[in-house]
file my_file38.cif (mmCIF, C-alpha atoms)
data_input
loop_
_atom_site.label_atom_id
_atom_site.label_comp_id
_atom_site.auth_asym_id
_atom_site.auth_seq_id
_atom_site.Cartn_x
_atom_site.Cartn_y
_atom_site.Cartn_z
CA MET V 913 -16.25 1.15 -8.10
CA ALA V 914 -16.30 4.87 -8.83
CA GLU V 915 -14.00 5.99 -11.64
CA ASN V 916 -13.77 8.59 -14.40
CA ARG V 917 -12.55 6.49 -17.30
CA ILE V 918 -11.91 2.83 -17.95
CA GLY V 919 -10.05 1.50 -20.98
CA GLU V 920 -8.07 -1.52 -22.11
CA ALA V 921 -4.45 -1.56 -20.96
CA ARG V 922 -2.97 -2.42 -24.35
CA HIS V 923 -3.89 1.07 -25.62
CA PHE V 924 -1.67 2.73 -23.03
CA PRO V 925 2.07 3.51 -23.12
CA SER V 926 4.61 0.90 -22.11
CA SER V 927 5.58 3.15 -19.18
CA LYS V 928 2.21 2.34 -17.59
CA LEU V 929 2.39 -1.35 -18.44
CA ALA V 930 5.83 -1.40 -16.81
CA VAL V 931 3.99 -1.36 -13.46
CA LEU V 932 2.95 -4.93 -14.20
CA ARG V 933 6.21 -5.98 -15.87
CA LYS V 934 8.40 -4.76 -12.98
CA HIS V 935 6.31 -6.29 -10.19
CA PRO V 936 8.03 -9.35 -8.63
CA ILE V 937 4.91 -11.44 -9.35
CA PHE V 938 5.00 -10.84 -13.10
CA ARG V 939 8.54 -9.82 -14.05
CA ASP V 940 9.62 -13.37 -15.00
CA LEU V 941 6.71 -13.99 -17.38
CA ASP V 942 7.72 -14.60 -20.99
CA SER V 943 6.63 -12.06 -23.57
CA ALA V 944 3.63 -14.04 -24.80
CA ALA V 945 2.29 -14.58 -21.27
CA PHE V 946 2.83 -10.93 -20.36
CA ASP V 947 0.99 -9.76 -23.49
CA GLN V 948 -1.89 -12.02 -22.50
CA LEU V 949 -1.95 -10.50 -19.00
CA CYS V 950 -2.05 -7.00 -20.50
CA ARG V 951 -5.07 -7.93 -22.58
CA TYR V 952 -6.92 -8.71 -19.34
CA ALA V 953 -5.95 -5.48 -17.60
CA LYS V 954 -8.36 -2.55 -17.70
CA HIS V 955 -7.13 0.98 -17.00
CA ALA V 956 -9.05 3.32 -14.67
CA THR V 957 -8.53 6.85 -13.39
CA LEU V 958 -9.90 7.74 -9.96
CA LYS V 959 -10.53 10.97 -8.12
CA ARG V 960 -9.28 11.31 -4.56
CA GLY V 961 -11.79 9.76 -2.18
CA ALA V 962 -13.29 7.37 -4.75
CA THR V 963 -14.23 3.95 -3.37
CA ILE V 964 -12.49 1.08 -5.16
CA PHE V 965 -14.18 -1.59 -3.07
CA SER V 966 -15.72 -1.89 0.39
CA LYS V 967 -15.41 -4.50 3.11
CA GLY V 968 -17.82 -7.33 2.34
CA ASP V 969 -17.81 -6.77 -1.44
CA PRO V 970 -17.13 -9.78 -3.69
CA GLY V 971 -13.44 -10.31 -4.36
CA ASN V 972 -13.74 -10.18 -8.12
CA SER V 973 -10.60 -8.32 -9.22
CA LEU V 974 -6.89 -7.80 -8.66
CA VAL V 975 -5.72 -4.17 -8.68
CA ALA V 976 -2.32 -2.65 -9.55
CA VAL V 977 -1.47 0.98 -8.76
CA ILE V 978 0.11 2.96 -11.61
CA SER V 979 0.21 6.35 -9.89
CA GLY V 980 -1.11 7.87 -6.68
CA THR V 981 -1.82 6.14 -3.38
CA VAL V 982 -4.61 3.78 -2.31
CA LYS V 983 -5.66 3.52 1.33
CA ILE V 984 -6.62 0.14 2.78
CA SER V 985 -8.67 0.71 5.93
CA ILE V 986 -11.39 -0.55 8.24
CA SER V 987 -13.96 1.40 10.24
CA SER V 988 -16.25 0.83 13.20
CA PRO V 989 -19.98 1.65 13.50
CA ASP V 990 -19.13 4.57 15.81
CA GLY V 991 -17.00 6.23 13.14
CA ARG V 992 -13.51 5.23 14.23
CA SER V 993 -11.15 4.10 11.48
CA ALA V 994 -7.78 2.42 11.16
CA ILE V 995 -5.43 2.44 8.18
CA LEU V 996 -4.02 -1.01 7.52
CA ASN V 997 -1.84 -0.10 4.57
CA LEU V 998 -1.00 2.59 2.03
CA ILE V 999 -0.47 1.11 -1.45
CA GLY V 1000 1.78 3.10 -3.77
CA PRO V 1001 2.82 2.98 -7.44
CA GLY V 1002 4.08 -0.40 -8.57
CA GLU V 1003 2.21 -2.36 -5.89
CA ILE V 1004 -0.81 -4.66 -6.21
CA PHE V 1005 -3.63 -5.36 -3.77
CA GLY V 1006 -6.83 -7.34 -3.47
CA GLU V 1007 -5.09 -10.66 -4.05
CA VAL V 1008 -6.44 -12.45 -0.95
CA ALA V 1009 -10.10 -12.25 -1.93
CA VAL V 1010 -9.24 -12.94 -5.57
CA LEU V 1011 -7.45 -16.16 -4.66
CA ASP V 1012 -9.89 -17.55 -2.08
CA GLY V 1013 -13.08 -16.24 -3.63
CA GLN V 1014 -14.32 -14.78 -0.36
CA ALA V 1015 -15.51 -11.24 0.46
CA ARG V 1016 -13.19 -8.26 0.79
CA THR V 1017 -11.75 -7.89 4.28
CA ALA V 1018 -11.27 -4.09 4.20
CA ASP V 1019 -12.11 -0.90 2.31
CA ALA V 1020 -9.93 0.36 -0.54
CA THR V 1021 -10.12 4.09 -1.28
CA ALA V 1022 -8.19 6.41 -3.59
CA ASN V 1023 -6.12 8.41 -1.10
CA THR V 1024 -5.02 10.72 -3.93
CA ASN V 1025 -5.97 11.00 -7.58
CA CYS V 1026 -4.95 7.61 -8.93
CA GLU V 1027 -4.42 5.50 -12.00
CA ILE V 1028 -4.91 1.77 -11.61
CA PHE V 1029 -5.12 -1.46 -13.58
CA ILE V 1030 -7.97 -3.86 -12.81
CA ILE V 1031 -7.78 -7.56 -13.71
CA ASP V 1032 -10.99 -9.56 -13.43
CA ARG V 1033 -10.86 -12.74 -11.31
CA ARG V 1034 -12.64 -14.75 -14.03
CA GLU V 1035 -9.72 -14.13 -16.37
CA PHE V 1036 -6.93 -13.97 -13.82
CA LEU V 1037 -7.40 -17.38 -12.15
CA PRO V 1038 -7.22 -19.36 -15.42
CA PHE V 1039 -4.14 -17.33 -16.31
CA VAL V 1040 -2.47 -18.28 -13.00
CA ARG V 1041 -3.32 -21.94 -13.60
CA SER V 1042 -1.63 -21.71 -17.00
CA GLN V 1043 1.53 -20.28 -15.39
CA PRO V 1044 2.49 -22.63 -12.49
CA PRO V 1045 5.45 -20.51 -11.27
CA LEU V 1046 2.99 -17.72 -10.44
CA ALA V 1047 1.50 -19.85 -7.66
CA MET V 1048 4.79 -19.79 -5.72
CA LYS V 1049 5.10 -16.04 -6.33
CA PHE V 1050 1.70 -15.50 -4.75
CA ILE V 1051 2.63 -17.67 -1.79
CA GLU V 1052 5.65 -15.41 -1.25
CA LEU V 1053 3.45 -12.31 -1.54
CA LEU V 1054 0.95 -13.65 0.99
CA CYS V 1055 3.78 -14.50 3.38
CA ALA V 1056 5.04 -10.92 3.08
CA ARG V 1057 1.54 -9.63 3.83
CA LEU V 1058 1.36 -11.87 6.91
CA ARG V 1059 4.73 -10.62 8.18
CA TRP V 1060 3.57 -7.02 7.64
CA THR V 1061 0.40 -7.68 9.64
CA SER V 1062 2.32 -9.42 12.43
CA ASP V 1063 4.67 -6.44 12.70
CA GLN V 1064 1.73 -4.06 12.97
CA VAL V 1065 0.07 -6.13 15.71
CA GLU V 1066 3.35 -6.36 17.63
CA GLN V 1067 3.86 -2.60 17.47
CA VAL V 1068 0.35 -1.78 18.67
CA ILE V 1069 0.49 -4.27 21.55
CA LEU V 1070 4.08 -3.91 22.76
CA GLN V 1071 5.30 -0.43 21.82
CA ASP V 1072 4.46 2.92 23.34
CA LEU V 1073 3.57 5.94 21.21
CA PRO V 1074 7.12 7.03 20.25
CA GLY V 1075 8.03 3.48 19.29
CA ARG V 1076 4.88 3.04 17.21
CA VAL V 1077 5.37 6.29 15.32
CA ALA V 1078 9.07 5.63 14.69
CA SER V 1079 8.29 2.12 13.44
CA ALA V 1080 5.59 3.43 11.10
CA LEU V 1081 7.87 6.10 9.63
CA ILE V 1082 10.71 3.63 9.08
CA ARG V 1083 8.33 1.10 7.54
CA LEU V 1084 6.87 3.66 5.14
CA THR V 1085 10.33 4.92 4.19
CA GLU V 1086 11.58 1.41 3.42
CA ARG V 1087 8.52 0.28 1.52
CA HIS V 1088 8.17 3.25 -0.78
CA LYS V 1089 11.93 3.49 -1.48
CA PRO V 1090 12.39 7.25 -1.81
CA ALA V 1091 14.99 8.65 -4.18
CA GLN V 1092 18.60 8.82 -3.11
CA GLY V 1093 18.93 11.34 -0.32
CA ASP V 1094 15.19 12.06 -0.18
CA ARG V 1095 13.16 10.50 2.61
CA THR V 1096 9.93 12.42 2.15
CA ILE V 1097 6.87 10.38 3.11
CA ALA V 1098 3.57 11.55 1.64
CA VAL V 1099 1.46 10.90 4.73
CA THR V 1100 -0.63 13.29 6.83
CA GLN V 1101 -0.60 13.36 10.62
CA GLN V 1102 -4.23 12.18 10.61
CA GLU V 1103 -3.31 9.19 8.44
CA LEU V 1104 -0.35 8.41 10.69
CA SER V 1105 -2.65 8.53 13.74
CA GLU V 1106 -4.99 6.03 12.08
CA MET V 1107 -2.05 3.75 11.31
CA VAL V 1108 -0.71 3.60 14.88
CA GLY V 1109 -3.98 3.85 16.81
CA MET V 1110 -3.38 7.16 18.60
CA THR V 1111 -4.98 10.61 18.43
CA ARG V 1112 -3.83 13.19 15.92
CA GLU V 1113 -2.98 15.54 18.80
CA SER V 1114 -0.61 12.95 20.31
CA ILE V 1115 1.01 12.38 16.92
CA ASN V 1116 1.48 16.12 16.39
CA LYS V 1117 3.09 16.57 19.82
CA GLN V 1118 5.51 13.69 19.20
CA LEU V 1119 6.47 14.84 15.71
CA ARG V 1120 7.09 18.38 16.92
CA ALA V 1121 9.37 17.05 19.64
CA TRP V 1122 11.35 15.15 16.99
CA ALA V 1123 11.38 18.17 14.68
CA ALA V 1124 13.03 20.17 17.48
CA ARG V 1125 15.79 17.52 17.55
CA ASN V 1126 16.12 17.60 13.73
CA TRP V 1127 14.99 13.99 13.46
CA VAL V 1128 12.14 14.94 11.11
CA ARG V 1129 10.84 17.94 9.22
CA LEU V 1130 7.11 18.58 8.97
CA GLU V 1131 5.68 19.68 5.63
CA HIS V 1132 2.14 20.11 4.34
CA GLY V 1133 0.83 16.61 3.74
CA ALA V 1134 4.24 15.03 4.25
CA ILE V 1135 6.96 14.15 6.76
CA VAL V 1136 10.65 14.26 5.88
CA VAL V 1137 12.83 11.82 7.82
CA LEU V 1138 16.17 13.47 8.61
CA ASP V 1139 17.72 11.12 11.20
CA VAL V 1140 16.97 7.54 10.22
CA ALA V 1141 19.40 6.04 12.75
CA SER V 1142 17.72 7.67 15.75
CA LEU V 1143 14.27 6.55 14.62
CA GLN V 1144 15.51 3.03 13.95
CA GLU V 1145 17.03 2.86 17.43
CA LEU V 1146 13.79 4.08 18.95
CA ALA V 1147 11.72 1.65 16.89
CA GLY V 1148 13.93 -1.18 18.04
CA SER V 1149 13.62 -0.33 21.72
CA GLY V 1150 9.98 0.73 21.48
CA THR V 1151 10.25 3.15 24.41
CA GLU V 1152 11.35 6.70 24.95
CA GLU V 1153 10.21 9.77 26.80
CA SER V 1154 8.69 12.31 24.41
#
call {"tool": "encode", "arguments": {"input": "my_file38.cif", "output": "structure tokens"}}
result
Amino acid sequence: MAENRIGEARHFPSSKLAVLRKHPIFRDLDSAAFDQLCRYAKHATLKRGATIFSKGDPGNSLVAVISGTVKISISSPDGRSAILNLIGPGEIFGEVAVLDGQARTADATANTNCEIFIIDRREFLPFVRSQPPLAMKFIELLCARLRWTSDQVEQVILQDLPGRVASALIRLTERHKPAQGDRTIAVTQQELSEMVGMTRESINKQLRAWAARNWVRLEHGAIVVLDVASLQELAGSGTEES
């Protein structure tokens, strides 16, 4: 993994460690168990574009995002790529390969400059075994991942372009929980095209049509959702003329 600096988590402010404490997986740990988890966590800073791991790599660590965004993607030999997920602050990833010991199923790349925590599998698995309630928490997390994947497959197979784009925008808005009254999504049109499986030109045409209706506002590197209800209705029906 390419990074600028790596250090032990316990030397960093509690505001950074709060990423672990607030996550649903770890928030119910008692103080002693949480302190032990922090001793395992290593802090890393990454430049935009840095590879965290690649498809096929050993699944030897769990990763938590402190700041920035991590892109989970796959690519084909002919250069095509698809974004499976965008992981933001407060979220973890890499748990599947950590738990089953198999190879990574996708690439993880720093989509922006990032700070992350890395917890080695050799330390994390014994820790989970010492905390039985964590096993159920991870089952719930894996179920959520499966539901997310099923929704993505359904949208690609059954929805037309407007429905796919509306669903993606709503999903990103809900997952990243923007501040009250602010529904700005830090996603480019190219990234959105790779999420829904359409060309950037098609995405741009659709977004401009919605901007003319005041459903969205286009900004550099971001999309602001203005009319959630209309997009939700469109995502539910999955069809609409552009």
call {"tool": "resolve_selection", "arguments": {"input": "my_file38.cif", "expression": "the PyMOL selection byres ((chain V and resi 1001-1007) around 8)", "output": "ChimeraX atom specification"}}
result
/V:931-932,934-935,971,973-981,999-1000,1008-1011,1016
call {"tool": "atom_distance", "arguments": {"input": "my_file38.cif", "atom1": "CA of Ser1042 (chain V)", "atom2": "CA of Cys950 (chain V)"}}
result
15.1 Å
call {"tool": "residues_around", "arguments": {"input": "my_file38.cif", "residues": "Ala1124 (chain V)", "least_positions_apart": "5", "cutoff": "12 Å", "atoms": "all atoms listed in the file", "output": "ChimeraX atom specification"}}
result
/V:1117-1119,1129-1130,1138-1139,1154
call {"tool": "atom_distance", "arguments": {"input": "my_file38.cif", "atom1": "CA of Ser1062 (chain V)", "atom2": "CA of Leu996 (chain V)"}}
result
11.6 Å
call {"tool": "resolve_selection", "arguments": {"input": "my_file38.cif", "expression": "the PyMOL selection byres ((chain V and resi 1128) around 12)", "output": "ChimeraX atom specification"}}
result
/V:1077-1078,1081-1082,1095-1097,1116,1118-1127,1129-1131,1134-1143
call {"tool": "residues_near_point", "arguments": {"input": "my_file38.cif", "point": "(-2.0, -16.7, -14.7)", "cutoff": "12 Å", "atoms": "all atoms listed in the file", "output": "PDB file with C-alpha atoms, keeping the file's coordinate frame"}}
result
ATOM      1  CA  ILE V 937       4.910 -11.440  -9.350  1.00  0.00           C
ATOM      2  CA  PHE V 938       5.000 -10.840 -13.100  1.00  0.00           C
ATOM      3  CA  LEU V 941       6.710 -13.990 -17.380  1.00  0.00           C
ATOM      4  CA  ASP V 942       7.720 -14.600 -20.990  1.00  0.00           C
ATOM      5  CA  ALA V 944       3.630 -14.040 -24.800  1.00  0.00           C
ATOM      6  CA  ALA V 945       2.290 -14.580 -21.270  1.00  0.00           C
ATOM      7  CA  PHE V 946       2.830 -10.930 -20.360  1.00  0.00           C
ATOM      8  CA  ASP V 947       0.990  -9.760 -23.490  1.00  0.00           C
ATOM      9  CA  GLN V 948      -1.890 -12.020 -22.500  1.00  0.00           C
ATOM     10  CA  LEU V 949      -1.950 -10.500 -19.000  1.00  0.00           C
ATOM     11  CA  CYS V 950      -2.050  -7.000 -20.500  1.00  0.00           C
ATOM     12  CA  TYR V 952      -6.920  -8.710 -19.340  1.00  0.00           C
ATOM     13  CA  LEU V 974      -6.890  -7.800  -8.660  1.00  0.00           C
ATOM     14  CA  LEU V1011      -7.450 -16.160  -4.660  1.00  0.00           C
ATOM     15  CA  ILE V1031      -7.780  -7.560 -13.710  1.00  0.00           C
ATOM     16  CA  ASP V1032     -10.990  -9.560 -13.430  1.00  0.00           C
ATOM     17  CA  ARG V1033     -10.860 -12.740 -11.310  1.00  0.00           C
ATOM     18  CA  ARG V1034     -12.640 -14.750 -14.030  1.00  0.00           C
ATOM     19  CA  GLU V1035      -9.720 -14.130 -16.370  1.00  0.00           C
ATOM     20  CA  PHE V1036      -6.930 -13.970 -13.820  1.00  0.00           C
ATOM     21  CA  LEU V1037      -7.400 -17.380 -12.150  1.00  0.00           C
ATOM     22  CA  PRO V1038      -7.220 -19.360 -15.420  1.00  0.00           C
ATOM     23  CA  PHE V1039      -4.140 -17.330 -16.310  1.00  0.00           C
ATOM     24  CA  VAL V1040      -2.470 -18.280 -13.000  1.00  0.00           C
ATOM     25  CA  ARG V1041      -3.320 -21.940 -13.600  1.00  0.00           C
ATOM     26  CA  SER V1042      -1.630 -21.710 -17.000  1.00  0.00           C
ATOM     27  CA  GLN V1043       1.530 -20.280 -15.390  1.00  0.00           C
ATOM     28  CA  PRO V1044       2.490 -22.630 -12.490  1.00  0.00           C
ATOM     29  CA  PRO V1045       5.450 -20.510 -11.270  1.00  0.00           C
ATOM     30  CA  LEU V1046       2.990 -17.720 -10.440  1.00  0.00           C
ATOM     31  CA  ALA V1047       1.500 -19.850  -7.660  1.00  0.00           C
ATOM     32  CA  MET V1048       4.790 -19.790  -5.720  1.00  0.00           C
ATOM     33  CA  LYS V1049       5.100 -16.040  -6.330  1.00  0.00           C
ATOM     34  CA  PHE V1050       1.700 -15.500  -4.750  1.00  0.00           C
TER      35      PHE V1050
END
call {"tool": "atom_distance", "arguments": {"input": "my_file38.cif", "atom1": "CA of Gly1075 (chain V)", "atom2": "CA of Ala1147 (chain V)"}}
result
4.8 Å
call {"tool": "closest_residue", "arguments": {"input": "my_file38.cif", "among": "V:Phe1029, V:Leu1146, V:Asn997, V:Gln1101", "to": "Trp1060 (chain V)", "atoms": "all atoms listed in the file"}}
result
V:Asn997
call {"tool": "resolve_selection", "arguments": {"input": "my_file38.cif", "expression": "the PyMOL selection byres ((chain V and resi 982) around 6)", "output": "list in words"}}
result
Thr981, Lys983, Leu998, Ile999, Thr1021, Ala1022 and Asn1023 of chain V
call {"tool": "residues_near_point", "arguments": {"input": "my_file38.cif", "point": "(3.8, 3.8, 14.1)", "cutoff": "9 Å", "atoms": "all atoms listed in the file", "output": "ChimeraX atom specification"}}
result
/V:1064,1067-1068,1071,1073-1083,1104-1105,1107-1109,1147
call {"tool": "closest_residue", "arguments": {"input": "my_file38.cif", "among": "V:Val1065, V:Ala1056, V:Leu1084, V:Ile986", "to": "Ser966 (chain V)", "atoms": "only C-alpha atoms"}}
result
V:Ile986
call {"tool": "closest_residue", "arguments": {"input": "my_file38.cif", "among": "V:Ala930, V:Pro936, V:Gly1148, V:Ser993", "to": "Thr1111 (chain V)", "atoms": "only C-alpha atoms"}}
result
V:Ser993
call {"tool": "build_atoms", "arguments": {"input": "my_file38.cif", "residues": "region 938-950 of chain V", "atoms": "N, CA and C atoms", "output": "PDB file, keeping the file's coordinate frame"}}
result
ATOM      1  N   PHE V 938       5.137 -10.688 -11.652  1.00  0.00           N
ATOM      2  CA  PHE V 938       5.000 -10.840 -13.100  1.00  0.00           C
ATOM      3  C   PHE V 938       6.275 -10.646 -13.901  1.00  0.00           C
ATOM      4  N   ARG V 939       7.371 -10.215 -13.272  1.00  0.00           N
ATOM      5  CA  ARG V 939       8.540  -9.820 -14.050  1.00  0.00           C
ATOM      6  C   ARG V 939       9.219 -10.979 -14.775  1.00  0.00           C
ATOM      7  N   ASP V 940       8.987 -12.237 -14.334  1.00  0.00           N
ATOM      8  CA  ASP V 940       9.620 -13.370 -15.000  1.00  0.00           C
ATOM      9  C   ASP V 940       8.743 -14.014 -16.066  1.00  0.00           C
ATOM     10  N   LEU V 941       7.567 -13.450 -16.337  1.00  0.00           N
ATOM     11  CA  LEU V 941       6.710 -13.990 -17.380  1.00  0.00           C
ATOM     12  C   LEU V 941       7.376 -13.807 -18.747  1.00  0.00           C
ATOM     13  N   ASP V 942       7.210 -14.792 -19.634  1.00  0.00           N
ATOM     14  CA  ASP V 942       7.720 -14.600 -20.990  1.00  0.00           C
ATOM     15  C   ASP V 942       6.838 -13.596 -21.720  1.00  0.00           C
ATOM     16  N   SER V 943       7.306 -13.143 -22.859  1.00  0.00           N
ATOM     17  CA  SER V 943       6.630 -12.060 -23.570  1.00  0.00           C
ATOM     18  C   SER V 943       5.200 -12.406 -23.939  1.00  0.00           C
ATOM     19  N   ALA V 944       4.981 -13.642 -24.384  1.00  0.00           N
ATOM     20  CA  ALA V 944       3.630 -14.040 -24.800  1.00  0.00           C
ATOM     21  C   ALA V 944       2.673 -14.028 -23.602  1.00  0.00           C
ATOM     22  N   ALA V 945       3.141 -14.540 -22.464  1.00  0.00           N
ATOM     23  CA  ALA V 945       2.290 -14.580 -21.270  1.00  0.00           C
ATOM     24  C   ALA V 945       2.024 -13.159 -20.768  1.00  0.00           C
ATOM     25  N   PHE V 946       3.039 -12.296 -20.824  1.00  0.00           N
ATOM     26  CA  PHE V 946       2.830 -10.930 -20.360  1.00  0.00           C
ATOM     27  C   PHE V 946       1.849 -10.188 -21.256  1.00  0.00           C
ATOM     28  N   ASP V 947       1.944 -10.388 -22.560  1.00  0.00           N
ATOM     29  CA  ASP V 947       0.990  -9.760 -23.490  1.00  0.00           C
ATOM     30  C   ASP V 947      -0.426 -10.227 -23.187  1.00  0.00           C
ATOM     31  N   GLN V 948      -0.565 -11.503 -22.846  1.00  0.00           N
ATOM     32  CA  GLN V 948      -1.890 -12.020 -22.500  1.00  0.00           C
ATOM     33  C   GLN V 948      -2.412 -11.341 -21.236  1.00  0.00           C
ATOM     34  N   LEU V 949      -1.551 -11.186 -20.237  1.00  0.00           N
ATOM     35  CA  LEU V 949      -1.950 -10.500 -19.000  1.00  0.00           C
ATOM     36  C   LEU V 949      -2.409  -9.081 -19.297  1.00  0.00           C
ATOM     37  N   CYS V 950      -1.689  -8.374 -20.166  1.00  0.00           N
ATOM     38  CA  CYS V 950      -2.050  -7.000 -20.500  1.00  0.00           C
ATOM     39  C   CYS V 950      -3.406  -6.918 -21.184  1.00  0.00           C
TER      40      CYS V 950
END
